[in-house]
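Undergrad: Dumping the structure here so I can ask a few things about it.
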There are 2 protein chains.
Amino acid sequence: MEIETFVAQSEGEWNSMRSGHSLAFKQFEEIVSNIKVKLLSNNDQNVRDLLHKSDYSNSEPLSPFEIKWAGESDWNNEKDNEDLKGSSLLIPIPSTNNTGVILRSSGYAEKIQAVSSYYFLSDGTIVLSTKYEKTFAEERIWFVNENLRCRSSVIKSINRKAILQTSFASELRRLKV
Amino acid sequence: MEIETFVAQSEGEWNSMRSGHSLAFKQFEEIVSNIKVKLLSNNDQNVRDLLHKSDYSNSEPLSPFEIKWAGESDWNNEKDNEDLKGSSLLIPIPSTNNTGVILRSSGYAEKIQAVSSYYFLSDGTIVLSTKYEKTFAEERIWFVNENLRCRSSVIKSINRKAILQTSFASELRRLKV
């Protein structure tokens, strides 16, 4: 399963540089953050709880994991940077070798529970699509080598017409598991 | 040929927001620029000249094109921004439907003549690899829709070990041809 390899490669601690582009206003945002990715067991209580209350309660998850992050933005003061701390539980449920869904306890574009669909391109890039309440997000994540992960996102309004923001993160490995 | 479609989609004028990430120093660069992409004929004199002095003089090009750009960086003063103006002639020579090489009169990572190899991923993303004198560059370009083009790059030292810089551009269409 490609998702299993992807999660295994992602495990560890990463230093992230992320740039946000607000296209309508030509504004750049710069965010530096630390990201921790940790593999969890299918029997982890939080995994079981999130799965149980989802539409996928009878499905078999593969490589559930937790992401924790703490960031600093050049747009924010110290207090606002508290908003750039968070964590999310992610539960992949493959449907084929290279497609499936990922349940998220907290989303990327909006901080609500979400279900992303994913597929892998031929070079191992994962493409995630998520419909939120007001927005639609497409994320792409690929490994340049085992110590550099790139992540791009495009956030559109829910009708998918207006592009609200794009972003790009360069994530350098600090620590392996 | 996928390259023909790619060049046709790229033709026109674009407003670009580009972020550079210097990973070793955690430095961000912000560049705003205008980009013009123009399809040329195989019989264009500059196309014929560049092809003739290359190793591909007996090959048949497809959709040769010119890129002109003018940018402004937050790192530069007015004089230095002159260096962010330029143009390059690009001549695709397909070997299969979705692979080939592109001759460049001026490269991306270094302003010298270069030959990039390319291939297309299943979703239409083009991946370009270019070996320069001191560096090796991988670029990816994909269309989110007909009016938004994303472009990422990773520049490595020639031994491909040290990652020198990554960058990401969001390019919004200003004008169709």
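Lettering and numbering for the structure tokens are positional, with chains as A, B, ... in the shown order, residues counted from 1 in each chain, and ligands counted from 1 in the shown order.
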When you get a sec, could you note down which chain B residues fall within 7 Å of chain A, using only C-alpha atoms, as a list in words?
TA: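 Applying the cut-off to the listed atoms yields Ser19, Leu121, Ser122 and Phe168 of chain B.
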Undergrad: Do a neighbour search on Ile3 in chain A at 12 Å with only C-alpha atoms, toss out local chain neighbours closer than 3 positions, and write the hits as a PyMOL selection string.
TA: chain A and resi 6-10+61-65+90-102+118-121+124-128+141
Undergrad: Running DSSP on the backbone, which parts of range 6-89 of chain A land in strand (DSSP E or B), as a ChimeraX atom specification?
TA: /A:12-22,27-39,65-73,85-89
Undergrad: Please produce a file of the residues just selected, as a CSV table (one decimal), in the first residue's frame, where the atoms kept are C-alpha atoms.
TA:
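The resulting again12.csv:
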```
chain,number,residue,atom,x,y,z
A,12,GLY,CA,9.6,12.2,12.6
A,13,GLU,CA,10.2,15.9,13.3
A,14,TRP,CA,10.4,18.5,10.5
A,15,ASN,CA,11.3,22.1,10.3
A,16,SER,CA,8.9,23.8,7.9
A,17,MET,CA,9.1,27.0,5.9
A,18,ARG,CA,5.7,27.8,4.5
A,19,SER,CA,4.7,30.6,2.1
A,20,GLY,CA,1.1,31.7,1.6
A,21,HIS,CA,0.0,33.6,-1.5
A,22,SER,CA,-3.2,35.6,-1.2
A,27,GLN,CA,0.1,39.4,-0.3
A,28,PHE,CA,2.7,37.0,0.9
A,29,GLU,CA,2.7,35.3,4.3
A,30,GLU,CA,5.7,33.6,5.8
A,31,ILE,CA,5.3,30.9,8.5
A,32,VAL,CA,8.1,28.9,10.2
A,33,SER,CA,7.0,25.9,12.1
A,34,ASN,CA,7.9,22.6,13.7
A,35,ILE,CA,5.9,19.6,12.7
A,36,LYS,CA,5.9,16.2,14.4
A,37,VAL,CA,4.4,13.1,12.7
A,38,LYS,CA,3.8,10.0,14.8
A,39,LEU,CA,2.5,6.6,13.7
A,65,PHE,CA,-1.0,8.9,12.5
A,66,GLU,CA,-1.0,12.2,14.5
A,67,ILE,CA,0.4,15.5,13.4
A,68,LYS,CA,1.4,18.2,15.9
A,69,TRP,CA,2.6,21.6,14.8
A,70,ALA,CA,3.7,24.9,16.3
A,71,GLY,CA,4.3,27.9,14.1
A,72,GLU,CA,5.2,31.5,13.9
A,73,SER,CA,3.8,33.8,11.2
A,85,LYS,CA,-0.3,25.5,17.4
A,86,GLY,CA,-2.4,22.4,17.0
A,87,SER,CA,-2.7,18.7,16.3
A,88,SER,CA,-4.7,16.5,14.1
A,89,LEU,CA,-5.4,12.8,14.0
```
Undergrad: Between CA of Glu146 in chain A and CA of Ala114 in chain B, what is the spacing in Å?
TA: 27.7 Å
Undergrad: I'd like to know which of A:Ser105, A:Ile155, A:Arg149, A:Glu11 is closest to Leu50 in chain A, using only C-alpha atoms.
TA: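 Once distances to Leu50 in chain A are computed over only C-alpha atoms, the minimum belongs to A:Ser105.
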Undergrad: So what do you get for CA of Phe136 in chain A versus CA of Ala162 in chain A, distance-wise?
TA: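 These two atoms are separated by 10.2 Å.
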